[in-house]
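**Student:** Okay, so here is run-v3.txt, and as you'll see once you scroll down, it has compact mmCIF, C-alpha atoms.
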# COMPACT_ATOMS: atom_id res chain seq x y z
CA MET A 1 203.90 162.25 159.64
CA THR A 2 200.43 163.71 159.08
CA SER A 3 199.88 167.43 159.33
CA ASP A 4 197.76 167.17 162.48
CA HIS A 5 200.73 165.74 164.35
CA MET A 6 203.56 167.81 165.71
CA ASN A 7 207.03 167.55 164.26
CA PRO A 8 209.78 166.31 166.65
CA GLU A 9 210.94 169.84 167.47
CA GLN A 10 207.47 171.01 168.45
CA LEU A 11 206.84 167.85 170.38
CA LEU A 12 210.06 168.13 172.35
CA SER A 13 209.57 171.84 173.01
CA LYS A 14 206.00 171.37 174.27
CA LEU A 15 206.81 168.38 176.46
CA ALA A 16 209.91 170.09 177.85
CA GLN A 17 207.99 173.27 178.58
CA GLN A 18 205.50 171.28 180.68
CA ALA A 19 208.15 169.04 182.22
CA ARG A 20 210.18 172.01 183.48
CA ARG A 21 207.31 172.82 185.82
CA GLU A 22 207.69 169.45 187.50
CA GLU A 23 208.63 169.45 191.14
CA ILE A 24 212.02 167.78 191.48
CA PRO A 25 212.49 165.49 194.48
CA SER A 26 214.72 167.24 196.97
CA VAL A 27 217.95 165.52 197.87
CA ASP A 28 220.47 165.95 200.65
CA VAL A 29 223.69 164.20 199.76
CA THR A 30 226.03 166.31 201.91
CA HIS A 31 226.58 163.70 204.57
CA THR A 32 226.95 160.72 202.22
CA VAL A 33 229.35 162.58 199.92
CA LEU A 34 231.58 163.63 202.81
CA GLU A 35 231.50 160.09 204.19
CA GLN A 36 232.45 158.69 200.80
CA LEU A 37 235.28 161.19 200.47
CA SER A 38 236.73 160.26 203.83
CA SER A 39 237.28 156.66 202.67
CA PRO A 40 240.89 156.00 201.57
CA GLN A 41 239.92 155.00 198.01
CA VAL A 42 239.14 158.58 197.08
CA VAL A 43 242.11 160.74 196.18
CA SER A 44 241.40 164.26 197.35
CA ALA A 45 241.93 167.48 195.44
CA SER A 46 244.97 168.08 197.55
CA SER A 47 246.22 164.60 196.65
CA LEU A 48 248.51 163.03 199.21
CA GLN A 49 246.93 164.76 202.20
CA ASP A 50 244.43 161.94 202.62
CA TYR A 51 247.00 159.19 202.57
CA GLY A 52 248.62 159.85 205.93
CA PRO A 53 252.25 159.31 206.94
CA ASP A 54 252.00 155.52 207.49
CA ARG A 55 250.98 154.83 203.93
CA ILE A 56 253.65 157.14 202.52
CA TRP A 57 256.37 155.46 204.64
CA ALA A 58 255.22 151.99 203.58
CA THR A 59 255.39 153.00 199.89
CA ALA A 60 258.86 154.52 200.42
CA ALA A 61 260.07 151.31 202.14
CA VAL A 62 258.87 149.10 199.26
CA CYS A 63 260.61 151.40 196.75
CA ALA A 64 263.86 151.27 198.80
CA ILE A 65 263.77 147.45 198.88
CA LEU A 66 263.24 147.33 195.11
CA VAL A 67 266.15 149.71 194.44
CA ALA A 68 268.42 147.73 196.80
CA SER A 69 267.51 144.43 195.10
CA ILE A 70 268.19 145.79 191.62
CA THR A 71 271.51 147.31 192.75
CA PHE A 72 272.54 144.00 194.33
CA MET A 73 271.69 142.05 191.20
CA LEU A 74 273.66 144.45 189.00
CA ASP A 75 276.66 144.39 191.35
CA SER A 76 276.73 140.60 191.42
CA ASP A 77 276.55 140.41 187.57
CA TYR A 78 273.39 138.36 188.01
CA LEU A 79 271.66 140.14 185.16
CA LEU A 80 274.69 140.00 182.84
CA GLY A 81 274.53 136.24 182.33
CA GLU A 82 277.85 135.51 184.08
CA SER A 83 276.48 133.63 187.02
CA GLU A 84 279.10 130.93 187.53
CA PRO A 85 277.10 128.62 189.79
CA VAL A 86 274.31 128.31 187.25
CA LEU A 87 276.76 127.49 184.42
CA ASP A 88 278.50 124.94 186.64
CA LEU A 89 275.21 123.25 187.40
CA LEU A 90 274.29 123.10 183.71
CA GLN A 91 277.66 121.60 182.76
CA THR A 92 277.36 119.00 185.54
CA ALA A 93 273.91 118.06 184.32
CA GLN A 94 275.23 117.59 180.76
CA VAL A 95 278.11 115.38 181.94
CA ASP A 96 275.76 113.30 184.07
CA SER A 97 273.44 112.67 181.13
CA MET B 1 219.41 177.20 180.76
CA THR B 2 219.04 179.40 183.78
CA THR B 3 222.77 179.59 184.52
CA SER B 4 224.44 182.63 183.09
CA LYS B 5 227.95 182.19 181.73
CA GLN B 6 228.89 185.54 183.21
CA ASN B 7 231.43 185.14 185.93
CA ASP B 8 229.85 186.72 188.94
CA LEU B 9 231.75 185.00 191.73
CA SER B 10 231.98 187.13 194.81
CA GLU B 11 235.15 187.36 196.84
CA GLU B 12 233.43 185.34 199.57
CA GLU B 13 232.56 182.53 197.13
CA ARG B 14 236.13 182.47 195.86
CA LYS B 15 237.43 182.11 199.41
CA GLU B 16 234.92 179.34 200.12
CA ILE B 17 235.97 177.41 197.01
CA GLN B 18 239.64 177.91 197.85
CA SER B 19 239.05 176.59 201.38
CA ALA B 20 237.34 173.49 199.93
CA VAL B 21 240.31 172.98 197.58
CA ASN B 22 242.62 173.20 200.58
CA GLY B 23 240.75 170.34 202.24
CA ASP B 24 238.28 172.24 204.46
CA SER B 25 235.40 169.73 204.56
CA ALA B 26 233.01 172.23 206.18
CA ALA B 27 233.53 174.57 203.23
CA PHE B 28 232.91 171.71 200.80
CA ALA B 29 229.75 170.73 202.73
CA ARG B 30 228.45 174.30 202.33
CA LEU B 31 229.27 174.14 198.64
CA ILE B 32 227.20 170.95 198.29
CA GLU B 33 224.29 172.45 200.23
CA GLN B 34 224.24 175.54 198.03
CA ASN B 35 224.29 173.65 194.73
CA GLN B 36 222.68 170.27 195.26
CA GLN B 37 219.13 171.24 194.26
CA GLN B 38 220.28 172.57 190.90
CA VAL B 39 222.33 169.43 190.37
CA ALA B 40 219.30 167.34 191.41
CA ALA B 41 217.20 169.14 188.78
CA LEU B 42 219.80 168.33 186.12
CA MET B 43 220.22 164.69 187.16
CA TRP B 44 216.43 164.16 187.16
CA LYS B 45 216.71 164.30 183.36
CA TYR B 46 219.12 161.38 183.47
CA SER B 47 217.09 159.18 185.80
CA ARG B 48 213.66 159.40 187.36
CA ASP B 49 214.34 156.48 189.68
CA ALA B 50 214.71 158.02 193.14
CA ALA B 51 217.65 155.88 194.28
CA THR B 52 219.57 156.21 191.00
CA HIS B 53 218.85 159.92 190.92
CA GLU B 54 220.37 160.41 194.36
CA GLU B 55 223.38 158.28 193.42
CA LEU B 56 223.99 160.43 190.35
CA VAL B 57 223.88 163.61 192.44
CA GLN B 58 226.33 162.04 194.88
CA GLU B 59 228.64 160.85 192.12
CA THR B 60 228.66 164.35 190.65
CA PHE B 61 229.79 165.91 193.93
CA VAL B 62 232.47 163.27 194.48
CA GLU B 63 233.85 164.15 191.03
CA VAL B 64 233.53 167.84 191.83
CA TYR B 65 235.71 167.29 194.88
CA ARG B 66 238.29 165.34 192.91
CA SER B 67 238.56 168.05 190.25
CA LEU B 68 238.00 171.15 192.35
CA ASN B 69 241.64 172.19 192.15
CA SER B 70 241.26 172.46 188.37
CA PHE B 71 238.43 175.02 188.68
CA ARG B 72 239.78 178.22 187.12
CA PHE B 73 237.12 180.70 188.38
CA GLN B 74 236.33 181.54 184.74
CA SER B 75 232.65 180.58 184.88
CA PRO B 76 230.10 180.41 187.69
CA LEU B 77 230.74 177.40 189.90
CA ILE B 78 227.31 175.91 189.20
CA PHE B 79 227.98 175.90 185.45
CA TRP B 80 231.26 174.05 186.06
CA ILE B 81 229.47 171.59 188.40
CA LYS B 82 226.78 171.01 185.77
CA LYS B 83 229.50 170.23 183.26
CA ILE B 84 230.64 167.41 185.53
CA GLY B 85 227.02 166.34 186.14
CA THR B 86 226.38 166.18 182.39
CA ARG B 87 229.29 163.77 181.99
CA VAL B 88 228.24 161.67 184.98
CA GLY B 89 224.73 161.39 183.54
CA TYR B 90 225.98 160.55 180.06
CA ARG B 91 228.21 157.79 181.45
CA TYR B 92 225.21 156.41 183.32
CA TRP B 93 223.13 156.28 180.13
CA LYS B 94 225.92 154.47 178.30
CA ARG B 95 226.17 151.89 181.09
CA LYS B 96 222.42 151.50 181.20
CA LYS B 97 222.10 151.13 177.44
CA ARG B 98 224.48 148.18 177.54
CA ASN B 99 222.55 146.13 180.05
CA SER B 100 218.93 147.11 180.31
CA LYS B 101 215.62 146.39 178.75
CA GLN B 102 213.71 149.59 178.17
CA ILE B 103 210.10 150.30 177.50
CA THR B 104 209.82 150.79 173.77
CA LEU B 105 207.76 153.40 172.05
CA SER B 106 205.65 150.69 170.43
CA GLN B 107 203.94 150.30 173.79
CA ILE B 108 202.59 153.81 173.56
CA THR B 109 200.71 155.40 170.68
CA LEU B 110 201.64 158.58 168.91
CA GLU B 111 198.23 159.90 169.93
CA GLU B 112 199.13 159.47 173.60
CA ILE B 113 202.46 161.25 173.14
CA THR B 114 200.87 164.17 171.30
CA ASP B 115 198.09 164.41 173.90
CA SER B 116 200.64 164.41 176.66
CA ALA B 117 202.44 167.29 174.97
CA GLU B 118 199.32 169.34 174.30
CA ASN B 119 197.17 168.61 177.31
CA PRO B 120 199.27 166.96 179.98
CA ASN B 121 197.49 165.92 183.15
CA SER B 122 200.51 167.03 185.09
CA ALA B 123 204.06 168.25 184.64
CA GLN B 124 205.12 164.86 185.91
CA GLU B 125 203.28 163.11 183.09
CA ALA B 126 204.95 165.41 180.55
CA GLY B 127 208.34 164.64 182.12
CA GLU B 128 207.70 160.90 181.98
CA THR B 129 206.61 161.05 178.34
CA LEU B 130 209.54 163.23 177.39
CA GLN B 131 211.94 160.81 179.02
CA LEU B 132 210.28 157.83 177.35
CA VAL B 133 210.59 159.47 173.93
CA LEU B 134 214.24 160.47 174.42
CA GLU B 135 215.10 157.08 175.89
CA GLN B 136 214.57 155.50 172.49
CA LEU B 137 217.59 157.32 171.09
CA PRO B 138 221.28 156.43 171.50
CA PRO B 139 222.99 158.28 174.41
CA ARG B 140 224.68 160.91 172.19
CA ASP B 141 221.42 161.89 170.52
CA ARG B 142 219.60 161.82 173.80
CA GLN B 143 222.26 163.99 175.42
CA VAL B 144 222.11 166.73 172.83
CA LEU B 145 218.30 166.89 172.71
CA THR B 146 218.03 166.82 176.52
CA LEU B 147 220.41 169.75 176.83
CA ILE B 148 218.89 171.83 174.03
CA TYR B 149 215.20 171.25 174.67
CA TRP B 150 214.86 170.25 178.33
CA GLU B 151 217.75 172.21 179.83
CA GLU B 152 217.20 175.06 177.35
CA CYS B 153 220.90 175.32 176.57
CA SER B 154 222.17 177.35 173.65
CA ILE B 155 224.43 175.56 171.16
CA ALA B 156 227.45 177.19 172.83
CA GLU B 157 226.36 176.08 176.30
CA ALA B 158 225.61 172.54 175.13
CA ALA B 159 229.07 172.43 173.54
CA GLU B 160 230.69 173.64 176.75
CA LEU B 161 228.78 171.13 178.90
CA THR B 162 229.49 168.15 176.68
CA GLY B 163 233.01 169.09 175.67
CA TRP B 164 232.00 168.79 172.00
CA SER B 165 232.57 171.45 169.36
CA GLN B 166 229.65 173.70 168.46
CA SER B 167 229.46 172.24 164.95
CA LEU B 168 229.33 168.72 166.40
CA VAL B 169 226.46 169.76 168.66
CA LYS B 170 224.56 171.16 165.66
CA VAL B 171 225.17 168.06 163.52
CA GLN B 172 224.30 165.73 166.40
CA ALA B 173 221.08 167.63 167.12
CA TYR B 174 220.11 167.53 163.44
CA ARG B 175 220.69 163.77 163.25
CA ALA B 176 218.90 163.17 166.54
CA ARG B 177 215.82 165.06 165.37
CA LYS B 178 215.82 163.05 162.14
CA LYS B 179 216.02 159.78 164.07
CA LEU B 180 213.22 160.92 166.33
CA LYS B 181 211.08 161.84 163.33
CA ARG B 182 211.58 158.36 161.87
CA LEU B 183 210.67 156.82 165.23
CA LEU B 184 207.47 158.83 165.48
CA GLU B 185 206.58 158.06 161.87
CA GLY B 186 207.06 154.40 162.68
CA LEU B 187 204.48 154.74 165.43
CA GLU B 188 202.00 156.29 163.06
CA SER B 189 202.18 153.56 160.42
Can you turn what I pasted into structure tokens?
**Tutor:**
Amino acid sequence: MTSDHMNPEQLLSKLAQQARREEIPSVDVTHTVLEQLSSPQVVSASSLQDYGPDRIWATAAVCAILVASITFMLDSDYLLGESEPVLDLLQTAQVDS
Amino acid sequence: MTTSKQNDLSEEERKEIQSAVNGDSAAFARLIEQNQQQVAALMWKYSRDAATHEELVQETFVEVYRSLNSFRFQSPLIFWIKKIGTRVGYRYWKRKKRNSKQITLSQITLEEITDSAENPNSAQEAGETLQLVLEQLPPRDRQVLTLIYWEECSIAEAAELTGWSQSLVKVQAYRARKKLKRLLEGLES
């Protein structure tokens, strides 16, 4: 860079000094922000408050169904590989072939 | 940077923030009204497009709301909000860098840049030139130079705003200035 040109630091400082005098467009986002926050996708600072009782009950019901299904499967030995009807079917299929 | 790190929150401000944390939307609305011009001034450095600029201000306040319960009253609220704004702006630059075609410095001469710095026709022209110059750098370099030169942050403040260590800020600023020097030298040749 030739001596008559500014180095990057001087250039940035000078430009920034001028640019800080620029008038910044005024904004008013209050309404849009509050509107956006009232949509259910946004989780509030106080977390579950925005979700309402219906949504919480629906989640609880799905969890209860899942727990009941798993309990049933364990009780009926379904997950332990001792499901008699399935073995019977397989043996029948082998005999048939 | 104009924001002092001194914690000078009044009891009234603390109550207002606490009300907003507890879900009082009127309190949060007042909080936006009090701080949005300072946030707008910060976000103007990230985008000069009016629509994008407004979106960035909005996005900042949505994130402020989401994280308000983690505010520890250890610094002025505006400093904490600016910390969020800095990250929102940085994310925007990273997104933009991936999928946009920018004006390159080759379309402007070094003479024009220097003239704009020494005898700008307006503050707006200086702002446009400054943004054009910084836009040529990768987001990390641009971030550190924007904060140090345009926002007038100290190394400690820049570190706090970015979440980087102070030594990283110094190293990043050094590298960014070197890259900028090479860019400007390229224009001269």
**Student:** Once you count all atoms listed in the file, which residues of chain B turn out to be within 8 Å of chain A? Could you give them as a PyMOL selection string?
**Tutor:** chain B and resi 21-23+25+29+32-33+36-37+40-41+44+50+54+57-58+61-62+65-69+114+116-118+120+122-127+129-130+149-150+177+180-181+184-185+188
**Student:** With all atoms listed in the file as the basis for distance, which of B:Leu187, B:Leu77, B:Arg182, B:Glu111 is at the shortest distance from Leu9 of chain B?
**Tutor:**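 When distances to Leu9 of chain B are compared using all atoms listed in the file, the smallest one comes from B:Leu77.
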**Student:** Between atom CA of Leu56 of chain B and atom CA of Leu42 of chain B, measure the distance and give it in Å to one decimal.
**Tutor:**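 Taking atom CA of Leu56 of chain B as the start and atom CA of Leu42 of chain B as the end point, the length is 9.9 Å.
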**Student:** What separation in Å, quoted to one decimal, exists between atom CA of Ala26 of chain B and atom CA of Trp57 of chain A?
**Tutor:**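 Taking atom CA of Ala26 of chain B as the start and atom CA of Trp57 of chain A as the end point, the length is 28.8 Å.
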**Student:** Could you jot down the atom CA of Val88 of chain B to atom CA of Val169 of chain B separation for me, Å, one decimal place?
**Tutor:** 18.3 Å
